file run-v5.csv (CSV, C-alpha atoms)
chain,number,residue,atom,x,y,z
A,22,MET,CA,-7.7,0.5,3.7
A,23,PRO,CA,-6.9,-0.2,0.0
A,24,VAL,CA,-6.2,3.0,-1.8
A,25,GLY,CA,-6.8,1.5,-5.2
A,26,VAL,CA,-5.3,-0.4,-8.0
A,27,ILE,CA,-2.6,1.3,-10.2
A,28,GLU,CA,-2.6,-0.5,-13.6
A,29,ILE,CA,0.4,0.3,-15.8
A,30,GLY,CA,1.0,-1.6,-19.1
A,31,GLY,CA,-1.9,-3.9,-18.3
A,32,ILE,CA,-0.3,-5.0,-15.0
A,33,PRO,CA,-2.3,-4.0,-11.9
A,34,VAL,CA,-0.9,-3.4,-8.5
A,35,LEU,CA,-3.2,-3.0,-5.5
A,36,LEU,CA,-1.8,-0.7,-2.8
A,37,ARG,CA,-2.9,-0.9,0.8
A,38,VAL,CA,-2.1,2.4,2.4
A,39,GLU,CA,-3.2,3.9,5.8
A,40,ASP,CA,-1.4,7.2,5.7
A,41,CYS,CA,-3.7,9.9,4.5
A,42,ALA,CA,-1.0,12.2,3.1
A,43,LEU,CA,0.3,9.3,1.0
A,44,LYS,CA,-3.2,8.4,-0.2
A,45,ALA,CA,-3.6,11.9,-1.4
A,46,ALA,CA,-0.2,11.9,-3.1
A,47,ILE,CA,-1.1,8.7,-4.8
A,48,ASP,CA,-4.5,9.9,-5.9
A,49,LYS,CA,-2.8,12.9,-7.5
A,50,ARG,CA,0.2,11.3,-9.1
A,51,TYR,CA,-1.5,8.2,-10.5
A,52,ALA,CA,-5.0,9.6,-11.2
A,53,ALA,CA,-5.0,8.4,-14.8
A,54,TYR,CA,-3.7,4.9,-13.8
A,55,LEU,CA,-6.1,4.1,-10.9
A,56,THR,CA,-8.7,1.7,-11.9
A,57,PRO,CA,-11.7,0.0,-10.1
A,58,ASN,CA,-11.6,-2.8,-12.6
A,59,PRO,CA,-8.2,-4.3,-13.0
A,60,SER,CA,-7.6,-6.4,-16.1
A,61,THR,CA,-6.2,-9.3,-14.0
A,62,GLU,CA,-5.5,-10.4,-10.4
A,63,PRO,CA,-3.5,-7.5,-9.0
A,64,ILE,CA,-0.2,-7.8,-7.1
A,65,GLU,CA,-0.8,-6.5,-3.6
A,66,LEU,CA,1.6,-4.2,-1.8
A,67,THR,CA,1.1,-2.8,1.7
A,68,VAL,CA,2.8,0.6,2.1
A,69,THR,CA,3.8,2.0,5.5
A,70,ILE,CA,5.7,5.2,6.5
A,71,ALA,CA,8.8,4.7,8.5
A,72,PRO,CA,10.5,8.0,9.2
A,73,ASN,CA,13.5,6.4,10.9
A,74,GLY,CA,13.5,3.4,8.8
A,75,GLY,CA,17.3,2.8,8.7
A,76,PHE,CA,17.4,2.6,4.9
A,77,CYS,CA,20.5,1.8,2.9
A,78,GLN,CA,22.8,4.5,1.6
A,79,SER,CA,22.3,3.9,-2.1
A,80,GLU,CA,20.9,6.8,-4.0
A,81,LEU,CA,19.9,4.5,-6.9
A,82,PRO,CA,17.2,1.8,-6.4
A,83,ARG,CA,18.6,-1.7,-6.5
A,84,ALA,CA,17.0,-5.1,-6.2
A,85,LYS,CA,18.3,-8.5,-5.1
A,86,TRP,CA,16.8,-12.0,-5.2
A,87,LEU,CA,17.0,-13.8,-1.9
A,88,ASN,CA,15.2,-16.9,-0.7
A,89,GLY,CA,12.1,-16.7,-2.9
A,90,ARG,CA,11.6,-13.0,-2.8
A,91,TRP,CA,12.9,-9.8,-4.3
A,92,LEU,CA,14.3,-7.2,-2.0
A,93,PHE,CA,14.3,-3.6,-3.1
A,94,GLU,CA,16.2,-0.8,-1.4
A,95,CYS,CA,17.2,2.8,-1.8
A,96,LEU,CA,18.0,5.8,0.3
A,97,ASP,CA,14.3,6.4,1.1
A,98,PHE,CA,12.6,3.0,1.1
A,99,ASN,CA,12.9,-0.7,1.3
A,100,ALA,CA,10.5,-3.3,0.0
A,101,GLU,CA,10.0,-7.0,-0.4
A,102,TRP,CA,8.0,-8.7,-3.1
A,103,PHE,CA,7.1,-12.4,-3.1
A,104,PRO,CA,6.4,-13.5,-6.7
A,105,GLU,CA,4.8,-16.8,-5.7
A,106,SER,CA,2.1,-15.2,-3.6
A,107,GLY,CA,2.1,-11.9,-5.6
A,108,ARG,CA,2.3,-9.9,-2.4
A,109,GLY,CA,4.7,-7.7,-0.7
A,110,TRP,CA,5.3,-4.5,1.3
A,111,ILE,CA,7.0,-1.2,1.1
A,112,ARG,CA,8.4,0.9,3.9
A,113,GLN,CA,9.2,4.4,2.8
A,114,GLU,CA,10.6,7.3,4.7
A,115,ARG,CA,8.1,9.9,3.8
A,116,ALA,CA,4.5,10.2,2.5
A,117,VAL,CA,5.6,11.2,-1.0
A,118,HIS,CA,5.0,9.5,-4.4
A,119,ARG,CA,8.7,9.5,-5.3
A,120,SER,CA,9.6,6.4,-3.3
A,121,LEU,CA,6.5,4.6,-4.5
A,122,ASP,CA,7.4,5.6,-8.1
A,123,SER,CA,10.8,4.0,-7.7
A,124,VAL,CA,9.3,0.8,-6.3
A,125,LEU,CA,6.9,0.5,-9.1
A,126,ARG,CA,9.6,1.1,-11.7
A,127,VAL,CA,11.7,-1.7,-10.2
A,128,LEU,CA,8.7,-4.0,-9.8
A,129,HIS,CA,7.6,-3.5,-13.4
A,130,SER,CA,11.1,-3.9,-14.7
A,131,LEU,CA,11.1,-7.3,-13.1
A,132,LEU,CA,7.6,-8.2,-14.2
A,133,LEU,CA,8.3,-7.3,-17.8
A,134,VAL,CA,11.3,-9.6,-18.3
A,135,PRO,CA,9.3,-12.9,-18.6
A,136,GLU,CA,6.8,-11.0,-20.7
A,137,GLY,CA,9.5,-10.1,-23.2
A,138,GLY,CA,9.2,-6.4,-22.4
A,139,CYS,CA,11.2,-3.7,-20.8
A,140,LEU,CA,11.3,-0.3,-19.3
A,141,LEU,CA,13.4,2.2,-21.2
A,142,HIS,CA,14.9,5.6,-20.3
A,143,ALA,CA,13.0,7.2,-23.1
A,144,ALA,CA,10.2,9.5,-24.1
A,145,SER,CA,7.4,8.0,-26.1
A,146,ALA,CA,4.4,9.3,-28.0
A,147,VAL,CA,1.5,8.2,-30.2
A,148,ARG,CA,0.8,9.8,-33.6
A,149,ASN,CA,-1.8,8.5,-36.1
A,150,GLY,CA,-2.3,5.4,-33.9
A,151,ARG,CA,1.4,4.4,-33.9
A,152,ALA,CA,3.9,4.7,-31.1
A,153,PHE,CA,7.4,6.2,-31.3
A,154,VAL,CA,10.1,5.9,-28.7
A,155,PHE,CA,12.9,8.5,-28.2
A,156,THR,CA,15.8,7.4,-26.1
A,157,GLY,CA,19.2,8.9,-25.4
A,158,VAL,CA,21.6,9.9,-22.6
A,159,SER,CA,20.5,12.4,-20.0
A,160,GLY,CA,20.4,15.8,-21.7
A,161,ALA,CA,19.9,14.3,-25.2
A,162,GLY,CA,16.6,16.0,-25.5
A,163,LYS,CA,13.8,13.6,-24.4
A,164,THR,CA,11.9,16.3,-22.5
A,165,THR,CA,12.7,19.0,-25.1
A,166,LEU,CA,11.3,16.8,-27.9
A,167,SER,CA,8.2,16.1,-25.8
A,168,ARG,CA,7.6,19.7,-25.1
A,169,LEU,CA,7.9,20.5,-28.8
A,170,ALA,CA,5.2,17.9,-29.8
A,171,PRO,CA,2.4,19.3,-31.9
A,172,PRO,CA,-1.2,19.0,-30.8
A,173,ASP,CA,-1.9,15.8,-32.7
A,174,VAL,CA,0.8,13.9,-30.8
A,175,VAL,CA,-0.2,12.2,-27.5
A,176,LEU,CA,2.6,11.9,-25.1
A,177,LEU,CA,3.0,8.5,-23.2
A,178,THR,CA,5.9,9.7,-21.1
A,179,ASP,CA,9.0,11.9,-21.3
A,180,GLU,CA,11.1,9.8,-18.9
A,181,VAL,CA,10.4,6.1,-18.7
A,182,SER,CA,8.9,4.2,-21.6
A,183,TYR,CA,7.0,0.9,-21.2
A,184,ILE,CA,7.3,-1.7,-24.0
A,185,ARG,CA,6.0,-5.2,-24.1
A,186,PRO,CA,4.5,-7.4,-26.8
A,187,VAL,CA,0.7,-7.6,-27.1
A,188,HIS,CA,-0.5,-10.5,-29.4
A,189,GLY,CA,3.0,-10.6,-30.9
A,190,VAL,CA,3.3,-6.9,-31.6
A,191,TYR,CA,5.6,-4.7,-29.5
A,192,THR,CA,3.4,-2.1,-27.9
A,193,ALA,CA,4.3,1.1,-26.1
A,194,PHE,CA,2.2,2.0,-23.0
A,195,GLY,CA,1.7,5.3,-21.2
A,196,THR,CA,3.3,5.6,-17.8
A,197,PRO,CA,2.9,7.9,-14.8
A,198,PHE,CA,6.7,8.1,-14.7
A,199,VAL,CA,7.1,11.6,-16.1
A,200,GLY,CA,9.0,14.8,-15.3
A,201,ILE,CA,7.6,17.8,-13.6
A,202,GLY,CA,4.7,19.4,-15.4
A,203,MET,CA,4.3,16.5,-17.9
A,204,THR,CA,1.4,14.0,-18.2
A,205,GLY,CA,1.7,10.5,-19.6
A,206,GLU,CA,-1.6,9.5,-21.2
A,207,ASN,CA,-2.9,6.0,-20.2
A,208,ILE,CA,-3.1,4.6,-23.7
A,209,SER,CA,-1.1,2.2,-25.8
A,210,ALA,CA,-0.2,1.8,-29.5
A,211,PRO,CA,1.9,-0.5,-31.6
A,212,LEU,CA,5.6,0.5,-31.6
A,213,GLN,CA,6.5,1.9,-35.0
A,214,ALA,CA,10.0,3.1,-34.5
A,215,LEU,CA,12.8,3.6,-32.0
A,216,TYR,CA,14.9,6.8,-32.2
A,217,LEU,CA,18.2,7.5,-30.6
A,218,LEU,CA,18.3,11.3,-29.9
A,219,VAL,CA,21.3,13.4,-30.7
A,220,GLN,CA,21.1,17.1,-30.8
A,221,GLY,CA,22.8,18.6,-33.9
A,222,PRO,CA,22.9,21.5,-36.4
A,223,GLU,CA,20.1,20.1,-38.5
A,224,ASN,CA,17.2,17.7,-38.6
A,225,ARG,CA,18.3,14.3,-40.0
A,226,ILE,CA,17.4,10.7,-39.6
A,227,GLU,CA,20.0,7.8,-40.1
A,228,PRO,CA,19.1,4.1,-39.8
A,229,LEU,CA,20.8,2.1,-37.1
A,230,SER,CA,22.0,-1.5,-37.6
A,231,ARG,CA,20.4,-4.2,-35.6
A,232,GLN,CA,23.5,-4.4,-33.4
A,233,GLN,CA,23.5,-0.7,-32.9
A,234,ALA,CA,19.8,-0.9,-31.9
A,235,VAL,CA,20.5,-3.6,-29.4
A,236,SER,CA,23.3,-1.5,-28.0
A,237,VAL,CA,21.0,1.5,-27.7
A,238,LEU,CA,18.3,-0.5,-26.0
A,239,MET,CA,20.6,-2.2,-23.5
A,240,ARG,CA,22.4,1.1,-22.6
A,241,ASN,CA,19.0,2.7,-21.8
A,242,THR,CA,17.3,-0.2,-20.1
A,243,PRO,CA,17.5,0.0,-16.3
A,244,LEU,CA,19.0,-3.1,-14.7
A,245,TYR,CA,18.3,-2.8,-11.0
A,246,ALA,CA,19.6,-6.2,-10.0
A,247,LYS,CA,23.0,-7.8,-10.7
A,248,ASP,CA,21.2,-10.9,-11.8
A,249,ARG,CA,22.3,-13.1,-14.6
A,250,LYS,CA,18.8,-14.5,-15.5
A,251,LEU,CA,17.5,-11.0,-15.6
A,252,ALA,CA,20.3,-9.7,-17.7
A,253,GLU,CA,19.9,-12.6,-20.2
A,254,GLY,CA,16.2,-11.9,-20.4
A,255,LEU,CA,16.8,-8.2,-21.1
A,256,LEU,CA,19.4,-8.9,-23.7
A,257,GLU,CA,17.0,-11.4,-25.4
A,258,THR,CA,14.2,-8.7,-25.3
A,259,ALA,CA,16.6,-6.1,-26.8
A,260,CYS,CA,17.5,-8.5,-29.7
A,261,GLN,CA,13.8,-9.2,-30.3
A,262,ILE,CA,12.8,-5.6,-30.4
A,263,ALA,CA,15.7,-4.7,-32.6
A,264,ALA,CA,14.6,-7.5,-35.0
A,265,CYS,CA,11.0,-6.2,-35.2
A,266,VAL,CA,11.2,-2.5,-34.8
A,267,PRO,CA,13.2,-0.2,-37.1
A,268,ALA,CA,15.7,2.0,-35.2
A,269,TYR,CA,17.2,5.3,-36.2
A,270,ARG,CA,19.5,8.0,-35.0
A,271,LEU,CA,17.5,11.2,-34.9
A,272,ILE,CA,19.8,14.2,-35.1
A,273,PHE,CA,17.7,17.3,-34.4
A,274,THR,CA,17.7,20.9,-33.6
A,275,PRO,CA,15.3,21.9,-30.7
A,276,THR,CA,12.6,23.4,-32.9
A,277,PRO,CA,9.0,22.1,-33.6
A,278,ASP,CA,9.7,21.1,-37.2
A,279,VAL,CA,11.7,18.1,-36.0
A,280,TRP,CA,8.2,16.5,-35.7
A,281,ASP,CA,7.7,16.8,-39.4
A,282,MET,CA,10.0,13.8,-39.8
A,283,ILE,CA,8.1,11.6,-37.3
A,284,GLY,CA,4.9,9.6,-38.0
B,8,MET,CA,53.8,-19.7,-20.6
B,9,SER,CA,50.3,-20.7,-21.8
B,10,MET,CA,47.2,-18.6,-21.3
B,11,TYR,CA,43.8,-20.2,-20.6
B,12,ILE,CA,40.6,-18.3,-20.9
B,13,ALA,CA,37.0,-18.9,-19.8
B,14,LYS,CA,33.8,-17.0,-20.0
B,15,SER,CA,32.9,-15.2,-16.8
B,16,ARG,CA,29.7,-16.3,-15.1
B,17,ALA,CA,28.7,-12.7,-14.5
B,18,ILE,CA,27.7,-12.0,-18.0
B,19,ALA,CA,24.8,-12.3,-20.4
B,20,ALA,CA,25.7,-13.1,-24.0
B,21,ARG,CA,23.9,-13.6,-27.3
B,22,ALA,CA,24.9,-14.1,-30.9
B,23,LEU,CA,23.7,-11.5,-33.3
B,24,ASP,CA,24.4,-11.5,-37.0
B,25,GLY,CA,27.4,-13.7,-36.4
B,26,GLU,CA,28.9,-11.6,-33.7
B,27,MET,CA,28.6,-11.9,-29.9
B,28,VAL,CA,27.0,-9.2,-27.8
B,29,VAL,CA,28.2,-9.6,-24.3
B,30,MET,CA,27.0,-7.7,-21.3
B,31,SER,CA,28.8,-7.4,-18.0
B,32,ILE,CA,26.3,-7.8,-15.2
B,33,ALA,CA,28.6,-6.0,-12.7
B,34,ASP,CA,28.5,-2.7,-14.5
B,35,SER,CA,25.9,-3.2,-17.3
B,36,MET,CA,28.6,-2.4,-19.9
B,37,LEU,CA,27.9,-3.9,-23.3
B,38,PHE,CA,30.5,-5.2,-25.7
B,39,THR,CA,30.1,-6.2,-29.3
B,40,LEU,CA,32.8,-8.7,-30.3
B,41,ASN,CA,34.1,-8.7,-33.9
B,42,GLU,CA,34.4,-11.9,-35.9
B,43,VAL,CA,37.9,-12.7,-34.5
B,44,ALA,CA,37.0,-11.9,-30.9
B,45,THR,CA,33.8,-13.9,-31.3
B,46,GLU,CA,35.8,-17.0,-32.5
B,47,ILE,CA,38.0,-16.7,-29.5
B,48,TRP,CA,35.1,-16.1,-27.1
B,49,LEU,CA,33.2,-19.1,-28.4
B,50,ALA,CA,36.3,-21.3,-27.9
B,51,ALA,CA,37.0,-20.0,-24.3
B,52,ASP,CA,36.3,-23.3,-22.5
B,53,GLY,CA,39.0,-22.8,-19.8
B,54,LEU,CA,40.9,-25.9,-20.9
B,55,THR,CA,42.1,-25.2,-24.4
B,56,PRO,CA,45.3,-23.0,-24.4
B,57,LEU,CA,44.9,-19.7,-26.1
B,58,SER,CA,47.7,-20.6,-28.5
B,59,GLN,CA,45.7,-23.5,-29.7
B,60,ILE,CA,42.5,-21.5,-30.0
B,61,VAL,CA,44.4,-18.9,-32.1
B,62,GLU,CA,46.0,-21.6,-34.3
B,63,ASP,CA,42.7,-23.6,-34.8
B,64,LYS,CA,40.2,-20.8,-34.9
B,65,VAL,CA,41.9,-17.6,-35.9
B,66,CYS,CA,44.9,-18.4,-38.1
B,67,VAL,CA,43.0,-20.9,-40.3
B,68,LYS,CA,39.8,-18.8,-40.7
B,69,PHE,CA,41.4,-15.4,-41.0
B,70,GLU,CA,44.7,-16.4,-42.7
B,71,THR,CA,47.0,-14.6,-40.3
B,72,GLY,CA,50.4,-15.6,-39.0
B,73,PRO,CA,50.3,-17.3,-35.5
B,74,GLU,CA,52.7,-14.9,-33.8
B,75,ALA,CA,50.9,-11.6,-34.6
B,76,ALA,CA,47.5,-13.3,-34.1
B,77,TYR,CA,48.5,-14.6,-30.7
B,78,ALA,CA,49.8,-11.2,-29.6
B,79,ASP,CA,46.5,-9.6,-30.6
B,80,ALA,CA,44.5,-12.3,-29.0
B,81,GLU,CA,46.4,-12.1,-25.8
B,82,GLU,CA,45.9,-8.3,-25.7
B,83,LEU,CA,42.2,-8.7,-26.4
B,84,CYS,CA,41.8,-11.3,-23.7
B,85,ARG,CA,43.5,-9.1,-21.1
B,86,GLN,CA,41.2,-6.3,-22.0
B,87,LEU,CA,38.1,-8.4,-21.8
B,88,ALA,CA,39.3,-9.8,-18.4
B,89,GLU,CA,39.7,-6.2,-17.2
B,90,HIS,CA,36.1,-5.6,-17.9
B,91,GLY,CA,35.2,-8.8,-16.0
B,92,ILE,CA,33.7,-10.7,-18.9
B,93,LEU,CA,36.5,-13.2,-19.4
B,94,VAL,CA,38.6,-15.1,-16.9
B,95,VAL,CA,42.3,-15.4,-17.7
B,96,SER,CA,44.7,-17.8,-16.0
B,97,ASP,CA,48.1,-19.4,-16.7
B,98,GLN,CA,46.6,-22.8,-15.7
B,99,PRO,CA,43.5,-24.6,-17.0
B,100,ILE,CA,40.4,-23.2,-15.4
B,101,GLU,CA,38.6,-26.3,-14.2
B,102,SER,CA,35.6,-24.4,-12.8
B,103,ALA,CA,34.7,-23.4,-16.4
B,104,ARG,CA,33.6,-27.0,-17.1
call {"tool": "encode", "arguments": {"input": "run-v5.csv", "output": "structure tokens"}}
result
Amino acid sequence: MPVGVIEIGGIPVLLRVEDCALKAAIDKRYAAYLTPNPSTEPIELTVTIAPNGGFCQSELPRAKWLNGRWLFECLDFNAEWFPESGRGWIRQERAVHRSLDSVLRVLHSLLLVPEGGCLLHAASAVRNGRAFVFTGVSGAGKTTLSRLAPPDVVLLTDEVSYIRPVHGVYTAFGTPFVGIGMTGENISAPLQALYLLVQGPENRIEPLSRQQAVSVLMRNTPLYAKDRKLAEGLLETACQIAACVPAYRLIFTPTPDVWDMIG
Amino acid sequence: MSMYIAKSRAIAARALDGEMVVMSIADSMLFTLNEVATEIWLAADGLTPLSQIVEDKVCVKFETGPEAAYADAEELCRQLAEHGILVVSDQPIESAR
């Protein structure tokens, strides 16, 4: 029954899936992240298809802590995860990866908080062994910049970046959370810089203050639960990252030479 | 009439380079308070009247007159209350203890 273990950012999640169509979708979507040898004891989730599941009306995923477990819900799924046992379940409307993608994003966003890490609405890439993260509002140019990357740049994601400290160094990991036609390589590298993307008439880099960096990080970090402990953890993480990683405003024109300024 | 102010419980806050960064959990909005606002925020215990906070923390430190400082502080507090990060009352806020 187990379809395999999806390991993102060094955190493995074992999926138990019976539905053949969903198994195929998972094999395709998460191919680079499926591993027979997880680095640690995996979280276990049982996934079932419930076409008439009676799901909530929220188009955005949300999470809620209730009696020792996290409840996740959205228009097309609901799920529960029990942190103490490390187990949970997902009921999703259809045998597609999209629902599972959302659950994994919510789950990892929660798992990263005590680790001092976070997810970020951002593209990220590795060049010369160092990682660079590019964040900004929708339409700021994350996907555009990713598509302009020269051959020596390895893309980690064009949508959701994954950051956590490894041996005291903030590290960016590849994720399967990517846009259509993009691939996020399953590698990691120390985070060298954070960029706030702004499209403009020329290519220019301006340093951001620590407060500006915190603001950028918080505005682009998904907070799925209205939970004080979680929010405090994310704010602490943003402050730590801003203290350790230089942040800049990257004003750019959508041409390949923008990459001359990076790395 | 006195105004009393208390920090909302639905926030996350942290000092950064001498100024408070406050996040509303309700809508994830982030506020960076300037030096004056930070002083007022830190003193918002629900029990000390705003007029006394202004006198003790703002007028002394920033060398401003009490009337103008109080008017600005009152406006600031009402704005922060609208965003749900501060609770404002015309009576002491015992629950802030």
call {"tool": "residues_near_point", "arguments": {"input": "run-v5.csv", "point": "(23.2, 3.2, -21.2)", "cutoff": "9 Å", "atoms": "only C-alpha atoms", "output": "short mmCIF file (atom, residue, chain, number, x, y, z; two decimals) with C-alpha atoms, in the coordinates of the input"}}
result
data_model
loop_
_atom_site.label_atom_id
_atom_site.label_comp_id
_atom_site.auth_asym_id
_atom_site.auth_seq_id
_atom_site.Cartn_x
_atom_site.Cartn_y
_atom_site.Cartn_z
CA HIS A 142 14.90 5.60 -20.30
CA GLY A 157 19.20 8.90 -25.40
CA VAL A 158 21.60 9.90 -22.60
CA SER A 236 23.30 -1.50 -28.00
CA VAL A 237 21.00 1.50 -27.70
CA LEU A 238 18.30 -0.50 -26.00
CA MET A 239 20.60 -2.20 -23.50
CA ARG A 240 22.40 1.10 -22.60
CA ASN A 241 19.00 2.70 -21.80
CA THR A 242 17.30 -0.20 -20.10
CA PRO A 243 17.50 0.00 -16.30
CA SER B 35 25.90 -3.20 -17.30
CA MET B 36 28.60 -2.40 -19.90
CA LEU B 37 27.90 -3.90 -23.30
#
call {"tool": "interface_residues", "arguments": {"input": "run-v5.csv", "of": "chain A", "to": "chain B", "cutoff": "10 Å", "atoms": "all atoms listed in the file", "output": "PyMOL selection string"}}
result
chain A and resi 231-233+235-237+239-240+242-257+260
call {"tool": "write_last_selection", "arguments": {"input": "run-v5.csv", "atoms": "C-alpha atoms", "output": "PDB file, keeping the file's coordinate frame"}}
result
ATOM      1  CA  ARG A 231      20.400  -4.200 -35.600  1.00  0.00           C
ATOM      2  CA  GLN A 232      23.500  -4.400 -33.400  1.00  0.00           C
ATOM      3  CA  GLN A 233      23.500  -0.700 -32.900  1.00  0.00           C
ATOM      4  CA  VAL A 235      20.500  -3.600 -29.400  1.00  0.00           C
ATOM      5  CA  SER A 236      23.300  -1.500 -28.000  1.00  0.00           C
ATOM      6  CA  VAL A 237      21.000   1.500 -27.700  1.00  0.00           C
ATOM      7  CA  MET A 239      20.600  -2.200 -23.500  1.00  0.00           C
ATOM      8  CA  ARG A 240      22.400   1.100 -22.600  1.00  0.00           C
ATOM      9  CA  THR A 242      17.300  -0.200 -20.100  1.00  0.00           C
ATOM     10  CA  PRO A 243      17.500   0.000 -16.300  1.00  0.00           C
ATOM     11  CA  LEU A 244      19.000  -3.100 -14.700  1.00  0.00           C
ATOM     12  CA  TYR A 245      18.300  -2.800 -11.000  1.00  0.00           C
ATOM     13  CA  ALA A 246      19.600  -6.200 -10.000  1.00  0.00           C
ATOM     14  CA  LYS A 247      23.000  -7.800 -10.700  1.00  0.00           C
ATOM     15  CA  ASP A 248      21.200 -10.900 -11.800  1.00  0.00           C
ATOM     16  CA  ARG A 249      22.300 -13.100 -14.600  1.00  0.00           C
ATOM     17  CA  LYS A 250      18.800 -14.500 -15.500  1.00  0.00           C
ATOM     18  CA  LEU A 251      17.500 -11.000 -15.600  1.00  0.00           C
ATOM     19  CA  ALA A 252      20.300  -9.700 -17.700  1.00  0.00           C
ATOM     20  CA  GLU A 253      19.900 -12.600 -20.200  1.00  0.00           C
ATOM     21  CA  GLY A 254      16.200 -11.900 -20.400  1.00  0.00           C
ATOM     22  CA  LEU A 255      16.800  -8.200 -21.100  1.00  0.00           C
ATOM     23  CA  LEU A 256      19.400  -8.900 -23.700  1.00  0.00           C
ATOM     24  CA  GLU A 257      17.000 -11.400 -25.400  1.00  0.00           C
ATOM     25  CA  CYS A 260      17.500  -8.500 -29.700  1.00  0.00           C
TER      26      CYS A 260
END
call {"tool": "atom_distance", "arguments": {"input": "run-v5.csv", "atom1": "atom CA of Leu169 of chain A", "atom2": "atom CA of Leu229 of chain A"}}
result
24.0 Å
call {"tool": "residues_around", "arguments": {"input": "run-v5.csv", "residues": "segment 88-99 of chain B", "least_positions_apart": "6", "cutoff": "6 Å", "atoms": "all atoms listed in the file", "output": "list in words"}}
result
Ser9, Met10, Tyr11, Ile12, Ala13, Lys14, Ser15, Ser31, Gly53 and Leu54 of chain B
call {"tool": "atom_distance", "arguments": {"input": "run-v5.csv", "atom1": "atom CA of Ala44 of chain B", "atom2": "atom CA of Leu87 of chain B"}}
result
9.8 Å
call {"tool": "atom_distance", "arguments": {"input": "run-v5.csv", "atom1": "atom CA of Thr258 of chain A", "atom2": "atom CA of Glu136 of chain A"}}
result
9.0 Å
call {"tool": "residues_near_point", "arguments": {"input": "run-v5.csv", "point": "(2.8, 5.6, -5.2)", "cutoff": "10 Å", "atoms": "only C-alpha atoms", "output": "count of residues only"}}
result
25
call {"tool": "residues_around", "arguments": {"input": "run-v5.csv", "residues": "Arg151 of chain A", "least_positions_apart": "6", "cutoff": "9 Å", "atoms": "all atoms listed in the file", "output": "ChimeraX atom specification"}}
result
/A:193,209-214,284
call {"tool": "closest_residue", "arguments": {"input": "run-v5.csv", "among": "A:Val154, A:Ala144, A:Leu92, A:Val175", "to": "Val199 of chain A", "atoms": "all atoms listed in the file"}}
result
A:Ala144
call {"tool": "residues_around", "arguments": {"input": "run-v5.csv", "residues": "Arg168 of chain A", "least_positions_apart": "2", "cutoff": "12 Å", "atoms": "all atoms listed in the file", "output": "list in words"}}
result
Ala144, Ser145, Ala146, Gly162, Lys163, Thr164, Thr165, Leu166, Ala170, Pro171, Pro172, Val174, Val175, Leu176, Thr178, Asp179, Gly200, Ile201, Gly202, Met203, Thr204, Pro275, Thr276, Pro277, Val279 and Trp280 of chain A
call {"tool": "write_last_selection", "arguments": {"input": "run-v5.csv", "atoms": "C-alpha atoms", "output": "PDB file, in the frame of the given file"}}
result
ATOM      1  CA  ALA A 144      10.200   9.500 -24.100  1.00  0.00           C
ATOM      2  CA  SER A 145       7.400   8.000 -26.100  1.00  0.00           C
ATOM      3  CA  ALA A 146       4.400   9.300 -28.000  1.00  0.00           C
ATOM      4  CA  GLY A 162      16.600  16.000 -25.500  1.00  0.00           C
ATOM      5  CA  LYS A 163      13.800  13.600 -24.400  1.00  0.00           C
ATOM      6  CA  THR A 164      11.900  16.300 -22.500  1.00  0.00           C
ATOM      7  CA  THR A 165      12.700  19.000 -25.100  1.00  0.00           C
ATOM      8  CA  LEU A 166      11.300  16.800 -27.900  1.00  0.00           C
ATOM      9  CA  ALA A 170       5.200  17.900 -29.800  1.00  0.00           C
ATOM     10  CA  PRO A 171       2.400  19.300 -31.900  1.00  0.00           C
ATOM     11  CA  PRO A 172      -1.200  19.000 -30.800  1.00  0.00           C
ATOM     12  CA  VAL A 174       0.800  13.900 -30.800  1.00  0.00           C
ATOM     13  CA  VAL A 175      -0.200  12.200 -27.500  1.00  0.00           C
ATOM     14  CA  LEU A 176       2.600  11.900 -25.100  1.00  0.00           C
ATOM     15  CA  THR A 178       5.900   9.700 -21.100  1.00  0.00           C
ATOM     16  CA  ASP A 179       9.000  11.900 -21.300  1.00  0.00           C
ATOM     17  CA  GLY A 200       9.000  14.800 -15.300  1.00  0.00           C
ATOM     18  CA  ILE A 201       7.600  17.800 -13.600  1.00  0.00           C
ATOM     19  CA  GLY A 202       4.700  19.400 -15.400  1.00  0.00           C
ATOM     20  CA  MET A 203       4.300  16.500 -17.900  1.00  0.00           C
ATOM     21  CA  THR A 204       1.400  14.000 -18.200  1.00  0.00           C
ATOM     22  CA  PRO A 275      15.300  21.900 -30.700  1.00  0.00           C
ATOM     23  CA  THR A 276      12.600  23.400 -32.900  1.00  0.00           C
ATOM     24  CA  PRO A 277       9.000  22.100 -33.600  1.00  0.00           C
ATOM     25  CA  VAL A 279      11.700  18.100 -36.000  1.00  0.00           C
ATOM     26  CA  TRP A 280       8.200  16.500 -35.700  1.00  0.00           C
TER      27      TRP A 280
END
call {"tool": "closest_residue", "arguments": {"input": "run-v5.csv", "among": "A:Gly138, A:Gly160, A:Gly195, A:Gly150", "to": "Asp173 of chain A", "atoms": "all atoms listed in the file"}}
result
A:Gly150
call {"tool": "residues_around", "arguments": {"input": "run-v5.csv", "residues": "Val61 of chain B", "least_positions_apart": "4", "cutoff": "8 Å", "atoms": "all atoms listed in the file", "output": "PDB file with C-alpha atoms, in the frame of the given file"}}
result
ATOM      1  CA  ILE B  47      38.000 -16.700 -29.500  1.00  0.00           C
ATOM      2  CA  LEU B  57      44.900 -19.700 -26.100  1.00  0.00           C
ATOM      3  CA  VAL B  65      41.900 -17.600 -35.900  1.00  0.00           C
ATOM      4  CA  CYS B  66      44.900 -18.400 -38.100  1.00  0.00           C
ATOM      5  CA  PRO B  73      50.300 -17.300 -35.500  1.00  0.00           C
ATOM      6  CA  ALA B  76      47.500 -13.300 -34.100  1.00  0.00           C
ATOM      7  CA  TYR B  77      48.500 -14.600 -30.700  1.00  0.00           C
ATOM      8  CA  ALA B  80      44.500 -12.300 -29.000  1.00  0.00           C
TER       9      ALA B  80
END
